[in-house]
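Student: One file: model_22.cif (mmCIF, C-alpha atoms).
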```cif
data_upload
loop_
_atom_site.label_atom_id
_atom_site.label_comp_id
_atom_site.auth_asym_id
_atom_site.auth_seq_id
_atom_site.Cartn_x
_atom_site.Cartn_y
_atom_site.Cartn_z
CA TYR A 30 -5.47 2.00 -3.77
CA ILE A 31 -7.11 -1.40 -4.07
CA SER A 32 -8.21 -3.12 -0.91
CA LYS A 33 -9.32 -6.74 -0.75
CA LYS A 34 -11.18 -6.91 2.53
CA ALA A 35 -11.47 -10.08 4.59
CA ASN A 36 -13.59 -10.89 7.59
CA HIS A 37 -11.88 -11.68 10.89
CA GLU A 38 -12.20 -15.47 10.54
CA ASP A 39 -10.58 -15.39 7.08
CA LEU A 40 -7.59 -13.37 8.33
CA GLU A 41 -6.44 -16.32 10.43
CA ASN A 42 -7.43 -19.10 8.02
CA PRO A 43 -4.68 -19.98 5.48
CA ASP A 44 -7.26 -22.02 3.54
CA ARG A 45 -8.88 -18.67 2.63
CA PHE A 46 -5.64 -17.00 1.54
CA VAL A 47 -5.11 -15.99 -2.08
CA ASP A 48 -1.82 -15.72 -3.92
CA ILE A 49 -0.36 -12.23 -4.24
CA MET A 50 1.84 -11.69 -7.27
CA ALA A 51 4.26 -9.00 -8.43
CA PRO A 52 2.35 -6.58 -10.67
CA ALA A 53 5.41 -5.87 -12.87
CA ASP A 54 9.15 -6.43 -13.01
CA GLY A 55 10.99 -4.61 -10.27
CA ILE A 56 13.14 -4.75 -7.18
CA ILE A 57 11.77 -5.53 -3.72
CA THR A 58 13.38 -2.70 -1.78
CA GLU A 59 11.66 -3.02 1.57
CA ILE A 60 9.86 -5.63 3.66
CA SER A 61 8.47 -4.69 7.06
CA LEU A 62 6.86 -6.86 9.67
CA VAL A 63 4.06 -4.48 10.68
CA ASN A 64 2.46 -6.77 13.24
CA ASN A 65 4.51 -9.66 14.66
CA LYS A 66 1.57 -11.41 16.32
CA ALA A 67 -0.49 -11.46 13.12
CA LYS A 68 2.52 -11.87 10.78
CA ASP A 69 1.37 -8.84 8.80
CA TYR A 70 3.92 -7.65 6.21
CA ARG A 71 4.34 -4.50 4.09
CA ILE A 72 6.27 -4.96 0.83
CA VAL A 73 7.61 -2.19 -1.43
CA ILE A 74 8.56 -2.96 -5.04
CA HIS A 75 10.40 -0.29 -7.04
CA HIS A 76 9.78 -0.45 -10.78
CA SER A 77 12.02 2.57 -11.44
CA CYS A 78 13.92 5.01 -9.26
CA THR A 79 10.75 7.01 -8.59
CA PHE A 80 7.85 4.64 -9.33
CA TYR A 81 6.85 1.89 -6.91
CA THR A 82 4.00 -0.28 -5.66
CA VAL A 83 3.16 -1.25 -2.10
CA TYR A 84 1.35 -4.27 -0.68
CA ILE A 85 0.27 -4.23 2.94
CA HIS A 86 -1.35 -6.90 5.11
CA VAL A 87 0.44 -9.78 3.39
CA ARG A 88 0.14 -12.65 5.87
CA GLU A 89 2.59 -15.18 4.43
CA LEU A 90 5.70 -14.38 2.42
CA SER A 91 6.55 -16.58 -0.57
CA LYS A 92 9.09 -19.37 -0.16
CA ASN A 93 11.33 -17.61 -2.69
CA ILE A 94 11.43 -14.42 -0.62
CA LEU A 95 11.93 -16.23 2.69
CA GLY A 96 14.61 -18.39 1.08
CA GLN A 97 16.59 -15.26 0.28
CA THR A 98 15.83 -13.20 3.40
CA GLY A 99 15.28 -15.72 6.16
CA GLU A 100 12.78 -14.88 8.86
CA ILE A 101 11.95 -11.17 8.95
CA LEU A 102 11.70 -9.88 12.49
CA MET A 103 11.23 -6.19 11.82
CA HIS A 104 12.36 -4.25 8.75
CA ILE A 105 14.78 -5.14 5.94
CA TYR A 106 15.96 -3.69 2.62
CA PRO A 107 16.67 -6.81 0.53
CA TYR A 108 17.16 -5.28 -2.95
CA MET A 109 15.70 -8.45 -4.47
CA PRO A 110 14.80 -8.60 -8.21
CA ILE A 111 11.30 -9.85 -8.97
CA LYS A 112 9.46 -10.52 -12.25
CA SER A 113 5.87 -9.76 -13.15
CA GLY A 114 3.67 -12.57 -11.87
CA ASP A 115 6.22 -13.91 -9.38
CA PRO A 116 4.63 -14.89 -6.06
CA ILE A 117 5.12 -12.40 -3.25
CA GLY A 118 2.98 -14.03 -0.63
CA ARG A 119 -0.51 -14.95 0.44
CA ALA A 120 -3.34 -13.32 2.40
CA SER A 121 -7.10 -13.32 2.68
CA GLY A 122 -7.19 -9.52 2.62
CA PHE A 123 -4.58 -6.97 1.55
CA ASP A 124 -4.09 -3.43 0.23
CA PHE A 125 -2.24 -2.46 -2.95
CA SER A 126 -1.19 1.06 -3.92
CA VAL A 127 0.86 2.80 -6.62
CA HIS A 128 3.20 5.77 -6.01
CA ASP A 129 5.22 8.08 -8.23
CA HIS A 130 7.69 10.49 -6.59
CA GLU A 131 7.66 12.63 -9.73
CA ILE A 132 4.02 13.47 -8.96
CA VAL A 133 2.96 15.43 -5.88
CA LEU A 134 -0.76 15.58 -5.20
CA LYS A 135 -1.85 19.21 -5.28
CA GLY A 136 -4.95 18.87 -3.10
CA PHE A 137 -3.26 18.79 0.31
CA VAL A 138 -3.25 22.16 2.09
CA ALA A 139 -0.42 20.99 4.38
CA PRO A 140 1.49 18.07 2.81
CA GLU A 141 3.99 18.26 5.68
CA HIS A 142 1.30 16.68 7.88
CA TYR A 143 2.08 13.41 6.07
CA SER A 144 5.78 13.28 6.98
CA ALA A 145 5.12 10.03 8.91
CA GLU A 146 3.98 8.39 5.65
CA PRO A 147 5.53 10.52 2.91
CA TRP A 148 4.41 8.23 0.09
CA LYS A 149 0.79 9.37 0.61
CA VAL A 150 1.42 12.66 -1.21
CA HIS A 151 2.72 10.65 -4.21
CA THR A 152 -0.24 8.24 -4.51
CA VAL A 153 -1.38 7.98 -8.14
CA ASP A 154 -4.33 6.48 -10.01
CA LEU A 155 -3.33 2.82 -10.13
CA PHE A 156 -5.73 2.00 -12.96
CA ALA A 157 -3.72 4.27 -15.27
CA TYR A 158 -0.76 1.89 -14.99
CA PHE A 159 -2.46 -1.39 -15.92
CA ALA A 160 -2.68 -2.60 -19.53
CA GLU A 161 -5.79 -4.14 -21.02
CA PRO A 162 -7.45 -6.52 -20.36
CA VAL A 163 -6.25 -6.39 -16.72
CA LYS A 164 -7.30 -2.73 -16.36
CA SER A 165 -10.89 -3.45 -17.44
CA ARG A 166 -11.10 -6.53 -15.22
CA LEU A 167 -9.97 -4.51 -12.21
CA LEU A 168 -12.40 -1.69 -13.02
CA ASP A 169 -15.23 -4.24 -13.34
CA LYS A 170 -14.54 -5.32 -9.75
CA ASN A 171 -14.27 -1.75 -8.48
CA ILE A 172 -17.32 -0.64 -6.48
CA ARG A 173 -16.63 3.03 -7.21
CA VAL A 174 -18.42 4.10 -10.41
CA LEU A 175 -17.71 7.85 -10.36
CA GLU A 176 -14.50 9.46 -11.60
CA PRO A 177 -11.85 9.27 -10.50
CA ARG A 178 -12.46 5.52 -10.34
CA SER A 179 -9.45 5.03 -8.06
CA GLY A 180 -10.73 7.63 -5.59
CA LYS A 181 -9.03 10.72 -4.25
CA ILE A 182 -7.23 11.41 -0.98
CA ASP A 183 -6.19 15.05 -1.52
CA TYR A 184 -9.39 17.07 -1.41
CA ASP A 185 -8.48 19.83 1.06
CA ILE A 186 -9.72 23.36 0.35
CA ASP A 187 -7.96 26.05 2.36
CA GLY A 188 -10.41 27.97 4.57
CA LYS A 189 -13.25 25.48 3.99
CA LEU A 190 -14.62 22.68 6.12
CA VAL A 191 -13.62 19.99 3.62
CA GLY A 192 -10.74 17.56 3.30
CA ASN A 193 -8.37 16.09 5.86
CA TRP A 194 -8.30 17.54 9.34
CA PHE A 195 -5.88 17.07 12.21
CA VAL A 196 -6.13 18.43 15.74
CA GLU A 197 -3.49 21.10 16.29
CA LYS A 198 -0.23 19.94 17.86
CA THR A 199 -0.96 16.24 17.23
CA ASN A 200 1.78 15.63 14.62
CA GLY A 201 -0.58 15.56 11.62
CA TYR A 202 -1.08 12.06 10.23
CA LEU A 203 1.42 10.63 12.75
CA GLY A 204 -0.83 11.48 15.69
CA LEU A 205 0.17 11.49 19.34
CA ASN A 206 0.88 7.77 19.75
CA GLU A 207 4.56 7.84 20.70
CA ASN A 208 4.94 4.08 19.99
CA ARG A 209 4.03 4.47 16.32
CA LYS A 210 7.06 4.28 14.09
#
```
For this file, produce the structure as structure tokens.
Tutor:
Amino acid sequence: YISKKANHEDLENPDRFVDIMAPADGIITEISLVNNKAKDYRIVIHHSCTFYTVYIHVRELSKNILGQTGEILMHIYPYMPIKSGDPIGRASGFDFSVHDHEIVLKGFVAPEHYSAEPWKVHTVDLFAYFAEPVKSRLLDKNIRVLEPRSGKIDYDIDGKLVGNWFVEKTNGYLGLNENRK
């Protein structure tokens, strides 16, 4: 995924926020308030029944979204159409990822360990879905120069000390924190 990092001072400074726009036409299917104190939102946009993008760490929602949803206190499923380039919100730092449920990453030894965040096993190379010249401009900003340019999260090798590890009986990626939902 793409991550635009921000330092701590910028996270709280709306003057440092940048506009976050819809990457393509779609339907906003989910908005979650991840952190109420920080007003940190996660937004899911479906572009087809199986293909979707996710923004996390959005600090301000657009006036258009709030006008249709009202204040979001936890988790909603608005089913709200959005066009490419429409404003979603603003933030000084955020993450963006692309997922396709028709693709299952083959490099996880135990994909069931990701049941807490099932989209992880469907994460795809986001650069493959951008048209030129946007694709080249994104790649120019990417600090990773080796292939795959978007990175890789599924590099487990059964029986080898490589890949993702979880302590036994800790719920895999979910962990032992009972308050995590």
Student: Using all atoms listed in the file, determine which residues lie at most 10 Å from range 168-175 of chain A, disregarding the query and same-chain residues fewer than 5 positions distant; provide the list as a ChimeraX atom specification.
Tutor: /A:31-32,156,163,180
Student: Specify as a PyMOL selection string each residue included when the PyMOL selection byres ((chain A and resi 137) around 10) is applied to this file.
Tutor: chain A and resi 133-136+138-143+150+182-187+192-193
Student: The PyMOL selection byres ((chain A and resi 125) around 10) - which residues does that actually catch in the file I just gave you? List them as a short mmCIF file (atom, residue, chain, number, x, y, z; two decimals) with C-alpha atoms, keeping the file's coordinate frame.
Tutor:
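Contents of result.cif, as written:
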```
data_model
loop_
_atom_site.label_atom_id
_atom_site.label_comp_id
_atom_site.auth_asym_id
_atom_site.auth_seq_id
_atom_site.Cartn_x
_atom_site.Cartn_y
_atom_site.Cartn_z
CA TYR A 30 -5.47 2.00 -3.77
CA ILE A 31 -7.11 -1.40 -4.07
CA SER A 32 -8.21 -3.12 -0.91
CA LYS A 33 -9.32 -6.74 -0.75
CA PRO A 52 2.35 -6.58 -10.67
CA ARG A 71 4.34 -4.50 4.09
CA ILE A 72 6.27 -4.96 0.83
CA VAL A 73 7.61 -2.19 -1.43
CA THR A 82 4.00 -0.28 -5.66
CA VAL A 83 3.16 -1.25 -2.10
CA TYR A 84 1.35 -4.27 -0.68
CA ILE A 85 0.27 -4.23 2.94
CA HIS A 86 -1.35 -6.90 5.11
CA PHE A 123 -4.58 -6.97 1.55
CA ASP A 124 -4.09 -3.43 0.23
CA SER A 126 -1.19 1.06 -3.92
CA VAL A 127 0.86 2.80 -6.62
CA LEU A 155 -3.33 2.82 -10.13
#
```
Student: Run the PyMOL selection byres ((chain A and resi 89-99) around 7) on the file and write out the hits as an MDAnalysis selection string.
Tutor: chainID A and resid 87:88 100:101 116:120
Student: So the first atom is CA of Arg166 in chain A and the second is CA of Thr58 in chain A; what is the distance between them in Å, to one decimal place?
Tutor: 28.2 Å
Student: Which neighbours of Ser144 in chain A fall inside 12 Å, counting only C-alpha atoms, when residues of the same chain fewer than 3 positions from it are skipped, and could you give them as a PyMOL selection string?
Tutor: chain A and resi 139-141+147-151+200-204+210
Student: Rounded to one decimal in Å, what is the spacing between CA of Asp69 in chain A and CA of Tyr158 in chain A?
Tutor: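 That distance, rounded to one decimal, is 26.2 Å.
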Student: Nearest to Ser113 in chain A: which of A:Val196, A:Ala53, A:Leu62, A:Ala157 is it, counting only C-alpha atoms?
Tutor: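 For Ser113 in chain A, the nearest of the given residues is A:Ala53.
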Student: What does the structure give for the distance between CA of Gly188 in chain A and CA of Glu146 in chain A, in Å to one decimal?
Tutor: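 Between CA of Gly188 in chain A and CA of Glu146 in chain A the gap is 24.3 Å.
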Student: Which of these, A:Ser77, A:Lys68, A:Val191, A:Asn42, has the shortest distance to His130 in chain A once you count only C-alpha atoms?
Tutor: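 Ranking A:Ser77, A:Lys68, A:Val191, A:Asn42 by distance to His130 in chain A, first place goes to A:Ser77.
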Student: Go through A:Ala35, A:Ile111, A:Ile132, A:Met103 and flag the residue nearest Ile56 in chain A, using only C-alpha atoms for the distances.
Tutor: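 Once distances to Ile56 in chain A are computed over only C-alpha atoms, the minimum belongs to A:Ile111.
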Student: Go through A:Leu205, A:Lys112, A:Ile60, A:Glu41 one by one, measure the shortest atom-to-atom distance of each to Ala145 in chain A using all atoms listed in the file, and give the residue with the smallest value.
Tutor: A:Leu205
Student: For Pro177 in chain A, which of A:Asp154, A:Phe195, A:Gly122, A:His76 is the closest residue, counting all atoms listed in the file?
Tutor: A:Asp154
Student: Could you list, as a compact mmCIF listing (two decimals) with C-alpha atoms, keeping the file's coordinate frame, every residue within 12 Å of Gly114 in chain A, counting all atoms listed in the file and ignoring same-chain residues fewer than 5 positions away?
Tutor:
```txt
# COMPACT_ATOMS: atom_id res chain seq x y z
CA ASP A 48 -1.82 -15.72 -3.92
CA ILE A 49 -0.36 -12.23 -4.24
CA MET A 50 1.84 -11.69 -7.27
CA ALA A 51 4.26 -9.00 -8.43
CA PRO A 52 2.35 -6.58 -10.67
CA ALA A 53 5.41 -5.87 -12.87
CA ASP A 54 9.15 -6.43 -13.01
CA GLY A 55 10.99 -4.61 -10.27
```
Student: Between A:Val47, A:Leu102, A:Met109, A:Cys78, which has the minimum distance to Glu59 in chain A (counting only C-alpha atoms)?
Tutor: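 Smallest distance to Glu59 in chain A is found for A:Met109.
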Student: Generate the missing atoms of range 174-186 of chain A up to N, CA and C atoms and report them as a PDB file, in the frame of the given file.
Tutor:
```pdb
ATOM      1  N   VAL A 174     -18.023   3.913  -9.012  1.00  0.00           N
ATOM      2  CA  VAL A 174     -18.420   4.100 -10.410  1.00  0.00           C
ATOM      3  C   VAL A 174     -18.174   5.529 -10.900  1.00  0.00           C
ATOM      4  N   LEU A 175     -17.974   6.465  -9.977  1.00  0.00           N
ATOM      5  CA  LEU A 175     -17.710   7.850 -10.360  1.00  0.00           C
ATOM      6  C   LEU A 175     -16.228   8.074 -10.575  1.00  0.00           C
ATOM      7  N   GLU A 176     -15.903   9.078 -11.395  1.00  0.00           N
ATOM      8  CA  GLU A 176     -14.500   9.460 -11.600  1.00  0.00           C
ATOM      9  C   GLU A 176     -14.039  10.313 -10.433  1.00  0.00           C
ATOM     10  N   PRO A 177     -12.828  10.236 -10.041  1.00  0.00           N
ATOM     11  CA  PRO A 177     -11.850   9.270 -10.500  1.00  0.00           C
ATOM     12  C   PRO A 177     -12.137   7.892  -9.910  1.00  0.00           C
ATOM     13  N   ARG A 178     -12.093   6.882 -10.747  1.00  0.00           N
ATOM     14  CA  ARG A 178     -12.460   5.520 -10.340  1.00  0.00           C
ATOM     15  C   ARG A 178     -11.562   5.002  -9.216  1.00  0.00           C
ATOM     16  N   SER A 179     -10.346   5.491  -9.122  1.00  0.00           N
ATOM     17  CA  SER A 179      -9.450   5.030  -8.060  1.00  0.00           C
ATOM     18  C   SER A 179      -9.628   5.829  -6.768  1.00  0.00           C
ATOM     19  N   GLY A 180     -10.502   6.815  -6.782  1.00  0.00           N
ATOM     20  CA  GLY A 180     -10.730   7.630  -5.590  1.00  0.00           C
ATOM     21  C   GLY A 180      -9.766   8.794  -5.525  1.00  0.00           C
ATOM     22  N   LYS A 181      -9.847   9.524  -4.427  1.00  0.00           N
ATOM     23  CA  LYS A 181      -9.030  10.720  -4.250  1.00  0.00           C
ATOM     24  C   LYS A 181      -8.779  10.898  -2.766  1.00  0.00           C
ATOM     25  N   ILE A 182      -7.536  11.209  -2.394  1.00  0.00           N
ATOM     26  CA  ILE A 182      -7.230  11.410  -0.980  1.00  0.00           C
ATOM     27  C   ILE A 182      -6.837  12.854  -0.678  1.00  0.00           C
ATOM     28  N   ASP A 183      -6.668  13.669  -1.704  1.00  0.00           N
ATOM     29  CA  ASP A 183      -6.190  15.050  -1.520  1.00  0.00           C
ATOM     30  C   ASP A 183      -7.284  16.040  -1.921  1.00  0.00           C
ATOM     31  N   TYR A 184      -8.263  16.192  -1.067  1.00  0.00           N
ATOM     32  CA  TYR A 184      -9.390  17.070  -1.410  1.00  0.00           C
ATOM     33  C   TYR A 184      -9.559  18.215  -0.413  1.00  0.00           C
ATOM     34  N   ASP A 185      -8.441  18.693   0.139  1.00  0.00           N
ATOM     35  CA  ASP A 185      -8.480  19.830   1.060  1.00  0.00           C
ATOM     36  C   ASP A 185      -8.778  21.115   0.266  1.00  0.00           C
ATOM     37  N   ILE A 186      -9.520  22.019   0.884  1.00  0.00           N
ATOM     38  CA  ILE A 186      -9.720  23.360   0.350  1.00  0.00           C
ATOM     39  C   ILE A 186      -9.433  24.330   1.485  1.00  0.00           C
TER      40      ILE A 186
END
```
